[in-house]
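Read through the structure below, which is laid out as C-alpha cells, and then see the notes.
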Amino acid sequence: MLVRLLYVSRTAAVTPEETEAIFNVSRKNNHEAGITGILCHGGGIYLQALEGGRATVNTLFGKISRDPRHHDVELLHYEEISERRFGGWSMGQVNLVKVNASIVLKYSERPELDPYSVSGKVSLALLEDLMATAAIVGRN
C-alpha cells in the first residue's frame, strides 16, 4: 500500500556542503527503498513530501523525527494514495531562496515559507505548484 507523508521541521545550523551531502545520501537510500518525494528548504525550514510503502515511509519518518539535525518536527499530512505525485524524484530539491516569492506568497501571508502557519493541504498544494513550475531539481 502506497502512502504520502508531509512534514515540516526546523533545521540545525548546517552548511550548504552538509546539505548537499545529505541530499546525495538521501537520494541513494530513497531510491533503494522505493521512496520518492521532494524537499523544500529555506530560512531554516524543511518541508518534505515522502511517498512509498506504508511501513518504509513510517520507518523513515521515525528516523527523521529522531535526527538531531531536525527540530520541531510536525506531521502535516498523511494519506493512502493510489499513485505517486512525485514519482520522478528519489529526493527532489527546491531551494526556496531561488524561487519566485510570488509562488510562496500565493499560499501564505508573507513571501517566506512557514508551513507551521498553514494546513498540510496548503503545503501540499505549494509543492504541486513548485512541481508544475519546474522549480524542483534532481529528477531521477
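Every chain in the C-alpha cells has a letter given in the order shown (A, B, ...), and although residue numbers restart at 1 in each chain, ligands are simply numbered from 1 in the order shown.
Contact shell of Arg54 in chain A at 7 Å (only C-alpha atoms; same-chain neighbours under 3 positions omitted): Met1, Leu2, Val3, Val57 and Asn58 of chain A.
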Item to complete: Compile the contact shell of range 117-129 of chain A as a ChimeraX atom specification: residues with an atom at most 7 Å away, counting only C-alpha atoms, same-chain residues fewer than 2 positions apart removed.
Response: /A:76-77,107,114-115,131-133
Those selected residues, please, written with N, CA and C atoms and delivered as a short mmCIF file (atom, residue, chain, number, x, y, z; two decimals), in the first residue's frame.
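The result, written out as again_18.cif:
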data_model
loop_
_atom_site.label_atom_id
_atom_site.label_comp_id
_atom_site.auth_asym_id
_atom_site.auth_seq_id
_atom_site.Cartn_x
_atom_site.Cartn_y
_atom_site.Cartn_z
N LEU A 76 2.32 17.06 8.91
CA LEU A 76 1.31 17.96 8.35
C LEU A 76 0.20 17.24 7.61
N HIS A 77 0.55 16.11 6.98
CA HIS A 77 -0.43 15.42 6.14
C HIS A 77 0.02 13.97 5.97
N TYR A 107 0.38 31.05 -1.20
CA TYR A 107 -0.11 30.12 -0.19
C TYR A 107 0.10 30.59 1.25
N ASP A 114 6.46 29.20 5.64
CA ASP A 114 6.13 28.92 7.04
C ASP A 114 5.02 27.88 7.10
N PRO A 115 5.36 26.61 6.86
CA PRO A 115 4.34 25.56 6.87
C PRO A 115 3.69 25.37 8.24
N MET A 131 6.24 21.90 -8.48
CA MET A 131 6.47 20.86 -9.48
C MET A 131 5.99 21.35 -10.86
N ALA A 132 4.84 22.00 -10.90
CA ALA A 132 4.28 22.47 -12.17
C ALA A 132 5.14 23.58 -12.79
N THR A 133 5.85 24.34 -11.97
CA THR A 133 6.67 25.43 -12.49
C THR A 133 8.12 25.00 -12.71
#
Practice prompt. Can you check which residues of range 2-90 of chain A DSSP gives as strand (DSSP E or B) on the backbone and send them as a PyMOL selection string?
Written response: chain A and resi 2-11+36-42+45-53+70-81
Discussion item. Which residues are near Phe23 in chain A? Cut-off 9 Å, only C-alpha atoms, ignore same chain within fewer than 3 positions. Put them as a ChimeraX atom specification.
Written reply: /A:18-20,26-28,91-93
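Between CA of Thr11 in chain A and CA of Tyr78 in chain A the interatomic distance comes to 21.4 Å.
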Item to complete: Using DSSP on the backbone coordinates, identify all residues within chain A classified as alpha helix (DSSP H); present the result as a ChimeraX atom specification.
Response: /A:16-33,54-66,101-105,120-132
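Atom pair CA of Asn24 in chain A / CA of Ile45 in chain A: separated by 18.8 Å.
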